[in-house]
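Trainee: Hey, dropping work29.cif in here, mmCIF, C-alpha atoms and all ligand atoms:
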data_target
#
loop_
_atom_site.group_PDB
_atom_site.id
_atom_site.type_symbol
_atom_site.label_atom_id
_atom_site.label_comp_id
_atom_site.auth_asym_id
_atom_site.auth_seq_id
_atom_site.Cartn_x
_atom_site.Cartn_y
_atom_site.Cartn_z
ATOM 1 C CA MET A 1 13.265 -7.923 -10.489
ATOM 2 C CA ILE A 2 9.803 -9.180 -9.622
ATOM 3 C CA GLU A 3 6.871 -8.046 -11.734
ATOM 4 C CA LEU A 4 3.857 -7.114 -9.587
ATOM 5 C CA PHE A 5 1.193 -5.586 -11.844
ATOM 6 C CA THR A 6 0.745 -3.100 -14.646
ATOM 7 C CA VAL A 7 -0.342 0.488 -14.151
ATOM 8 C CA ASN A 8 -3.538 -0.313 -16.048
ATOM 9 C CA ASP A 9 -4.472 -2.957 -13.480
ATOM 10 C CA ILE A 10 -5.589 -0.149 -11.119
ATOM 11 C CA GLU A 11 -8.158 2.482 -12.004
ATOM 12 C CA GLU A 12 -7.531 6.091 -11.054
ATOM 13 C CA GLY A 13 -8.541 6.696 -7.418
ATOM 14 C CA LYS A 14 -8.601 2.977 -6.576
ATOM 15 C CA SER A 15 -6.431 0.540 -4.643
ATOM 16 C CA LYS A 16 -5.267 -3.012 -5.125
ATOM 17 C CA GLY A 17 -3.981 -5.678 -2.750
ATOM 18 C CA ILE A 18 -1.000 -7.824 -3.732
ATOM 19 C CA ASP A 19 -0.097 -11.172 -2.205
ATOM 20 C CA LEU A 20 3.329 -12.254 -3.338
ATOM 21 C CA ASP A 21 4.142 -15.580 -1.677
ATOM 22 C CA ASN A 22 2.623 -14.317 1.594
ATOM 23 C CA PHE A 23 4.271 -10.897 1.372
ATOM 24 C CA TYR A 24 1.283 -8.577 1.504
ATOM 25 C CA MET A 25 1.396 -5.192 -0.184
ATOM 26 C CA PHE A 26 -1.078 -2.763 -1.648
ATOM 27 C CA ALA A 27 -0.991 -0.057 -4.251
ATOM 28 C CA VAL A 28 -3.036 3.084 -4.793
ATOM 29 C CA LYS A 29 -3.303 5.065 -8.002
ATOM 30 C CA LYS A 30 -3.866 8.766 -7.450
ATOM 31 C CA ASP A 31 -3.320 11.563 -9.955
ATOM 32 C CA ASN A 32 -1.971 8.877 -12.260
ATOM 33 C CA GLN A 33 0.806 8.034 -9.781
ATOM 34 C CA ILE A 34 1.274 4.609 -8.223
ATOM 35 C CA HIS A 35 2.006 4.388 -4.479
ATOM 36 C CA LEU A 36 3.096 1.036 -3.084
ATOM 37 C CA TYR A 37 3.080 0.065 0.612
ATOM 38 C CA TRP A 38 3.379 -2.961 2.833
ATOM 39 C CA ASN A 39 -0.089 -4.017 3.961
ATOM 40 C CA ARG A 40 0.531 -3.577 7.682
ATOM 41 C CA CYS A 41 -1.043 -0.956 9.891
ATOM 42 C CA PRO A 42 1.564 0.774 12.108
ATOM 43 C CA HIS A 43 -0.880 0.476 15.015
ATOM 44 C CA LEU A 44 -1.092 -3.315 15.423
ATOM 45 C CA GLY A 45 0.516 -4.643 12.260
ATOM 46 C CA THR A 46 -2.763 -5.920 10.860
ATOM 47 C CA PRO A 47 -3.791 -5.839 7.197
ATOM 48 C CA LEU A 48 -5.577 -2.615 6.329
ATOM 49 C CA GLU A 49 -8.248 -3.416 3.772
ATOM 50 C CA TRP A 50 -12.024 -3.283 4.272
ATOM 51 C CA GLN A 51 -12.543 -5.921 1.647
ATOM 52 C CA GLU A 52 -10.524 -7.217 -1.246
ATOM 53 C CA ASN A 53 -8.748 -4.330 -3.029
ATOM 54 C CA ASP A 54 -10.465 -1.717 -0.858
ATOM 55 C CA PHE A 55 -7.969 0.310 1.192
ATOM 56 C CA LEU A 56 -9.407 3.820 0.926
ATOM 57 C CA ASP A 57 -11.855 5.946 2.871
ATOM 58 C CA ALA A 58 -15.311 6.800 1.525
ATOM 59 C CA ASP A 59 -14.017 9.787 -0.467
ATOM 60 C CA ALA A 60 -10.987 7.864 -1.783
ATOM 61 C CA GLU A 61 -8.834 10.727 -0.500
ATOM 62 C CA LEU A 62 -6.999 8.811 2.227
ATOM 63 C CA ILE A 63 -5.957 5.274 3.063
ATOM 64 C CA GLN A 64 -8.016 4.013 6.005
ATOM 65 C CA CYS A 65 -7.318 1.067 8.265
ATOM 66 C CA SER A 66 -10.415 -1.100 8.611
ATOM 67 C CA THR A 67 -9.565 -2.199 12.173
ATOM 68 C CA HIS A 68 -9.645 1.109 14.093
ATOM 69 C CA GLY A 69 -10.051 3.652 11.297
ATOM 70 C CA ALA A 70 -6.584 5.271 11.222
ATOM 71 C CA LEU A 71 -6.244 7.618 8.225
ATOM 72 C CA PHE A 72 -3.096 7.873 6.126
ATOM 73 C CA ARG A 73 -2.040 10.199 3.320
ATOM 74 C CA ILE A 74 -1.888 8.367 0.010
ATOM 75 C CA ASP A 75 1.311 9.974 -1.237
ATOM 76 C CA ASP A 76 3.602 9.361 1.755
ATOM 77 C CA GLY A 77 1.678 7.048 4.127
ATOM 78 C CA HIS A 78 1.773 9.522 7.013
ATOM 79 C CA CYS A 79 -0.918 8.797 9.611
ATOM 80 C CA LEU A 80 -3.045 11.913 10.112
ATOM 81 C CA ALA A 81 -5.564 10.557 12.624
ATOM 82 C CA GLY A 82 -6.225 7.478 14.711
ATOM 83 C CA PRO A 83 -4.289 5.400 17.240
ATOM 84 C CA CYS A 84 -1.036 5.528 15.230
ATOM 85 C CA LYS A 85 -1.171 9.259 14.444
ATOM 86 C CA GLY A 86 2.273 10.544 13.441
ATOM 87 C CA LYS A 87 3.548 7.126 12.325
ATOM 88 C CA HIS A 88 3.873 5.968 8.729
ATOM 89 C CA LEU A 89 2.916 3.129 6.491
ATOM 90 C CA GLN A 90 6.043 1.625 5.033
ATOM 91 C CA LYS A 91 6.574 2.530 1.374
ATOM 92 C CA ILE A 92 8.057 0.041 -1.035
ATOM 93 C CA PRO A 93 10.433 1.459 -3.645
ATOM 94 C CA PHE A 94 9.634 0.201 -7.133
ATOM 95 C CA THR A 95 10.587 0.763 -10.721
ATOM 96 C CA GLU A 96 8.240 1.112 -13.652
ATOM 97 C CA GLU A 97 9.132 -0.107 -17.091
ATOM 98 C CA ASN A 98 6.681 -0.109 -19.996
ATOM 99 C CA GLY A 99 3.865 0.219 -17.474
ATOM 100 C CA MET A 100 5.022 -2.779 -15.405
ATOM 101 C CA ILE A 101 5.563 -2.134 -11.683
ATOM 102 C CA MET A 102 8.518 -4.141 -10.370
ATOM 103 C CA ILE A 103 10.432 -4.481 -7.125
ATOM 104 C CA GLN A 104 13.827 -5.935 -6.272
ATOM 105 C CA ARG A 105 13.759 -9.465 -4.908
ATOM 106 C CA ASP A 106 15.901 -8.431 -1.911
ATOM 107 C CA GLN A 107 13.073 -6.163 -0.742
ATOM 108 C CA LEU A 108 11.150 -9.258 0.292
ATOM 109 C CA VAL A 109 12.290 -9.399 3.889
ATOM 110 C CA PRO A 110 10.167 -10.090 6.976
ATOM 111 C CA ALA A 111 8.048 -7.087 7.928
ATOM 112 C CA PRO A 112 9.276 -4.895 10.786
ATOM 113 C CA GLN A 113 7.532 -5.153 14.143
ATOM 114 C CA TYR A 114 5.682 -2.086 15.292
HETATM 115 S S1 LIG A 201 -4.857 -1.711 13.616
HETATM 116 FE FE1 LIG A 201 -5.023 -0.062 12.191
HETATM 117 S S2 LIG A 201 -5.850 1.537 13.368
HETATM 118 FE FE2 LIG A 201 -5.636 -0.074 14.778
#
Just dump the structure as structure tokens.
Mentor:
Amino acid sequence: MIELFTVNDIEEGKSKGIDLDNFYMFAVKKDNQIHLYWNRCPHLGTPLEWQENDFLDADAELIQCSTHGALFRIDDGHCLAGPCKGKHLQKIPFTEENGMIMIQRDQLVPAPQY
């Protein structure tokens, strides 16, 4: 298992980027739940963030791509609006133990092409 961060590393309603040996992910904490995704927009495959650790829209209700503004639900990554409407961000399964968020090493595979 690879340890990524602890649940206390993200404030409620905030997001966090993770660079693990050039595998780019991000996490959002909402309603005390952690959601973990690959940091690739399903439109063009670009990173999503506006600036470091900033992946959300102004109300912090949705994930928003900084390139063309696509909006995604936080809990399942479904794109509600924008050029990739109907597509999904790719979730990363993780386990949590004593507040530590961890993923399996074999999940680190090259990102899919959109
Ligand atoms: S690259 Fe994300 S909306 Fe176009």
Trainee: Please identify the residues whose atoms come within 9 Å of ligand LIG 201 (chain A), using all atoms listed in the file, and report them as a ChimeraX atom specification.
Mentor: /A:40-48,64-71,82-84
Trainee: Carefully work through the PyMOL selection byres (((chain A and resi 107-109) around 12) and not hetatm) for this structure and note down the residues it includes, as a list of chain:residue names.
Mentor: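 Output from the PyMOL selection byres (((chain A and resi 107-109) around 12) and not hetatm), applied to this file: A:Met1, A:Ile2, A:Asp19, A:Leu20, A:Asp21, A:Asn22, A:Phe23, A:Tyr24, A:Met25, A:Tyr37, A:Trp38, A:Gln90, A:Lys91, A:Ile92, A:Pro93, A:Phe94, A:Met102, A:Ile103, A:Gln104, A:Arg105, A:Asp106, A:Pro110, A:Ala111, A:Pro112.
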Trainee: Those same residues - C-alpha atoms - I'd like them written as a PDB file, in the coordinates of the input.
Mentor:
ATOM      1  CA  MET A   1      13.265  -7.923 -10.489  1.00  0.00           C
ATOM      2  CA  ILE A   2       9.803  -9.180  -9.622  1.00  0.00           C
ATOM      3  CA  ASP A  19      -0.097 -11.172  -2.205  1.00  0.00           C
ATOM      4  CA  LEU A  20       3.329 -12.254  -3.338  1.00  0.00           C
ATOM      5  CA  ASP A  21       4.142 -15.580  -1.677  1.00  0.00           C
ATOM      6  CA  ASN A  22       2.623 -14.317   1.594  1.00  0.00           C
ATOM      7  CA  PHE A  23       4.271 -10.897   1.372  1.00  0.00           C
ATOM      8  CA  TYR A  24       1.283  -8.577   1.504  1.00  0.00           C
ATOM      9  CA  MET A  25       1.396  -5.192  -0.184  1.00  0.00           C
ATOM     10  CA  TYR A  37       3.080   0.065   0.612  1.00  0.00           C
ATOM     11  CA  TRP A  38       3.379  -2.961   2.833  1.00  0.00           C
ATOM     12  CA  GLN A  90       6.043   1.625   5.033  1.00  0.00           C
ATOM     13  CA  LYS A  91       6.574   2.530   1.374  1.00  0.00           C
ATOM     14  CA  ILE A  92       8.057   0.041  -1.035  1.00  0.00           C
ATOM     15  CA  PRO A  93      10.433   1.459  -3.645  1.00  0.00           C
ATOM     16  CA  PHE A  94       9.634   0.201  -7.133  1.00  0.00           C
ATOM     17  CA  MET A 102       8.518  -4.141 -10.370  1.00  0.00           C
ATOM     18  CA  ILE A 103      10.432  -4.481  -7.125  1.00  0.00           C
ATOM     19  CA  GLN A 104      13.827  -5.935  -6.272  1.00  0.00           C
ATOM     20  CA  ARG A 105      13.759  -9.465  -4.908  1.00  0.00           C
ATOM     21  CA  ASP A 106      15.901  -8.431  -1.911  1.00  0.00           C
ATOM     22  CA  PRO A 110      10.167 -10.090   6.976  1.00  0.00           C
ATOM     23  CA  ALA A 111       8.048  -7.087   7.928  1.00  0.00           C
ATOM     24  CA  PRO A 112       9.276  -4.895  10.786  1.00  0.00           C
TER      25      PRO A 112
END
Trainee: Might you spell out which residues the PyMOL selection byres (((chain A and resi 73) around 12) and not hetatm) would select in the displayed file, as a ChimeraX atom specification?
Mentor: /A:28,30,35,37,55-57,60-65,70-72,74-81,85-91
Trainee: For the atom pair CA of Thr95 (chain A) and CA of Val7 (chain A), what is the interatomic distance in Å to one decimal place?
Mentor: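 Computing the Euclidean distance for CA of Thr95 (chain A) and CA of Val7 (chain A) yields 11.5 Å.
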Trainee: One decimal, Å: what's the distance from CA of Asp59 (chain A) over to CA of Ile101 (chain A), could you say?
Mentor: 25.5 Å
Trainee: Give me, please, the distance in Å between CA of Trp50 (chain A) and CA of Met100 (chain A), quoted to one decimal.
Mentor: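 Taking CA of Trp50 (chain A) as the start and CA of Met100 (chain A) as the end point, the length is 26.0 Å.
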Trainee: Specify as a VMD selection string each residue included when the PyMOL selection byres (((chain A and resi 32) around 9) and not hetatm) is applied to this file.
Mentor: chain A and resid 7 11 to 13 29 to 31 33 to 34
Trainee: Given only C-alpha atoms as the basis, pick out the residue of A:Ala27, A:Asn98, A:Ser15, A:Leu4 nearest to Gln51 (chain A).
Mentor: A:Ser15
Trainee: From the block I gave, I'd like region 68-99 of chain A written with N, CA, C and O atoms, as a compact mmCIF listing (two decimals), in the first residue's frame.
Mentor:
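Okay, this is what ended up in decode-v3.txt:
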# COMPACT_ATOMS: atom_id res chain seq x y z
N HIS A 68 -11.62 24.78 -19.56
CA HIS A 68 -12.83 25.22 -20.25
C HIS A 68 -14.05 25.23 -19.32
O HIS A 68 -15.18 25.30 -19.79
N GLY A 69 -13.85 25.06 -18.04
CA GLY A 69 -14.93 25.26 -17.07
C GLY A 69 -15.88 24.11 -16.85
O GLY A 69 -16.93 24.30 -16.23
N ALA A 70 -15.58 22.91 -17.36
CA ALA A 70 -16.49 21.77 -17.14
C ALA A 70 -16.72 21.58 -15.64
O ALA A 70 -15.80 21.76 -14.83
N LEU A 71 -17.96 21.22 -15.29
CA LEU A 71 -18.35 21.05 -13.88
C LEU A 71 -18.65 19.58 -13.60
O LEU A 71 -19.36 18.93 -14.37
N PHE A 72 -18.13 19.09 -12.50
CA PHE A 72 -18.26 17.68 -12.13
C PHE A 72 -18.81 17.57 -10.71
O PHE A 72 -18.41 18.33 -9.82
N ARG A 73 -19.67 16.56 -10.51
CA ARG A 73 -20.12 16.27 -9.14
C ARG A 73 -18.95 15.78 -8.31
O ARG A 73 -18.13 14.98 -8.80
N ILE A 74 -18.92 16.20 -7.05
CA ILE A 74 -17.81 15.81 -6.18
C ILE A 74 -17.89 14.33 -5.83
O ILE A 74 -16.89 13.63 -5.79
N ASP A 75 -19.10 13.81 -5.62
CA ASP A 75 -19.18 12.45 -5.07
C ASP A 75 -18.97 11.35 -6.11
O ASP A 75 -18.53 10.26 -5.74
N ASP A 76 -19.24 11.60 -7.38
CA ASP A 76 -19.02 10.52 -8.36
C ASP A 76 -18.26 10.97 -9.61
O ASP A 76 -18.03 10.18 -10.52
N GLY A 77 -17.91 12.26 -9.70
CA GLY A 77 -17.10 12.74 -10.82
C GLY A 77 -17.86 12.90 -12.12
O GLY A 77 -17.26 13.18 -13.17
N HIS A 78 -19.19 12.77 -12.07
CA HIS A 78 -19.99 12.90 -13.29
C HIS A 78 -19.95 14.35 -13.78
O HIS A 78 -20.14 15.28 -13.00
N CYS A 79 -19.74 14.53 -15.08
CA CYS A 79 -19.69 15.88 -15.66
C CYS A 79 -21.10 16.35 -15.96
O CYS A 79 -21.80 15.75 -16.79
N LEU A 80 -21.50 17.44 -15.31
CA LEU A 80 -22.86 17.97 -15.44
C LEU A 80 -22.97 19.00 -16.56
O LEU A 80 -24.03 19.18 -17.13
N ALA A 81 -21.88 19.70 -16.84
CA ALA A 81 -21.92 20.78 -17.83
C ALA A 81 -20.53 21.01 -18.39
O ALA A 81 -19.53 20.77 -17.70
N GLY A 82 -20.49 21.45 -19.64
CA GLY A 82 -19.20 21.74 -20.27
C GLY A 82 -18.96 20.80 -21.45
O GLY A 82 -19.83 19.99 -21.80
N PRO A 83 -17.78 20.88 -22.05
CA PRO A 83 -17.51 20.14 -23.29
C PRO A 83 -17.45 18.62 -23.10
O PRO A 83 -17.48 17.90 -24.09
N CYS A 84 -17.34 18.14 -21.88
CA CYS A 84 -17.31 16.68 -21.65
C CYS A 84 -18.54 16.22 -20.87
O CYS A 84 -18.49 15.20 -20.17
N LYS A 85 -19.63 16.97 -21.01
CA LYS A 85 -20.88 16.64 -20.31
C LYS A 85 -21.24 15.17 -20.53
O LYS A 85 -21.21 14.67 -21.65
N GLY A 86 -21.59 14.49 -19.43
CA GLY A 86 -21.97 13.08 -19.51
C GLY A 86 -20.81 12.12 -19.27
O GLY A 86 -21.02 10.94 -19.02
N LYS A 87 -19.57 12.62 -19.36
CA LYS A 87 -18.42 11.77 -19.07
C LYS A 87 -18.10 11.86 -17.57
O LYS A 87 -18.77 12.57 -16.83
N HIS A 88 -17.06 11.16 -17.17
CA HIS A 88 -16.72 11.09 -15.75
C HIS A 88 -15.24 11.34 -15.52
O HIS A 88 -14.41 10.90 -16.31
N LEU A 89 -14.94 11.96 -14.40
CA LEU A 89 -13.58 11.86 -13.87
C LEU A 89 -13.38 10.43 -13.41
O LEU A 89 -14.33 9.74 -13.06
N GLN A 90 -12.12 10.01 -13.40
CA GLN A 90 -11.85 8.63 -13.01
C GLN A 90 -11.51 8.55 -11.52
O GLN A 90 -10.51 9.10 -11.06
N LYS A 91 -12.39 7.86 -10.79
CA LYS A 91 -12.19 7.69 -9.34
C LYS A 91 -11.05 6.73 -9.06
O LYS A 91 -10.81 5.80 -9.83
N ILE A 92 -10.40 6.93 -7.94
CA ILE A 92 -9.35 6.01 -7.51
C ILE A 92 -9.82 5.33 -6.22
O ILE A 92 -10.04 6.02 -5.21
N PRO A 93 -9.96 4.01 -6.24
CA PRO A 93 -10.33 3.33 -5.00
C PRO A 93 -9.22 3.47 -3.97
O PRO A 93 -8.04 3.44 -4.32
N PHE A 94 -9.58 3.65 -2.73
CA PHE A 94 -8.57 3.78 -1.67
C PHE A 94 -9.08 3.11 -0.40
O PHE A 94 -10.27 2.79 -0.29
N THR A 95 -8.18 2.89 0.51
CA THR A 95 -8.57 2.43 1.83
C THR A 95 -8.12 3.46 2.84
O THR A 95 -7.16 4.22 2.60
N GLU A 96 -8.83 3.50 3.95
CA GLU A 96 -8.49 4.43 5.02
C GLU A 96 -8.23 3.63 6.29
O GLU A 96 -9.02 2.77 6.66
N GLU A 97 -7.09 3.90 6.89
CA GLU A 97 -6.75 3.20 8.12
C GLU A 97 -6.15 4.21 9.09
O GLU A 97 -5.16 4.88 8.76
N ASN A 98 -6.77 4.33 10.24
CA ASN A 98 -6.33 5.32 11.25
C ASN A 98 -6.17 6.71 10.63
O ASN A 98 -5.21 7.42 10.94
N GLY A 99 -7.08 7.05 9.73
CA GLY A 99 -7.05 8.39 9.13
C GLY A 99 -6.10 8.52 7.96
O GLY A 99 -6.04 9.58 7.33
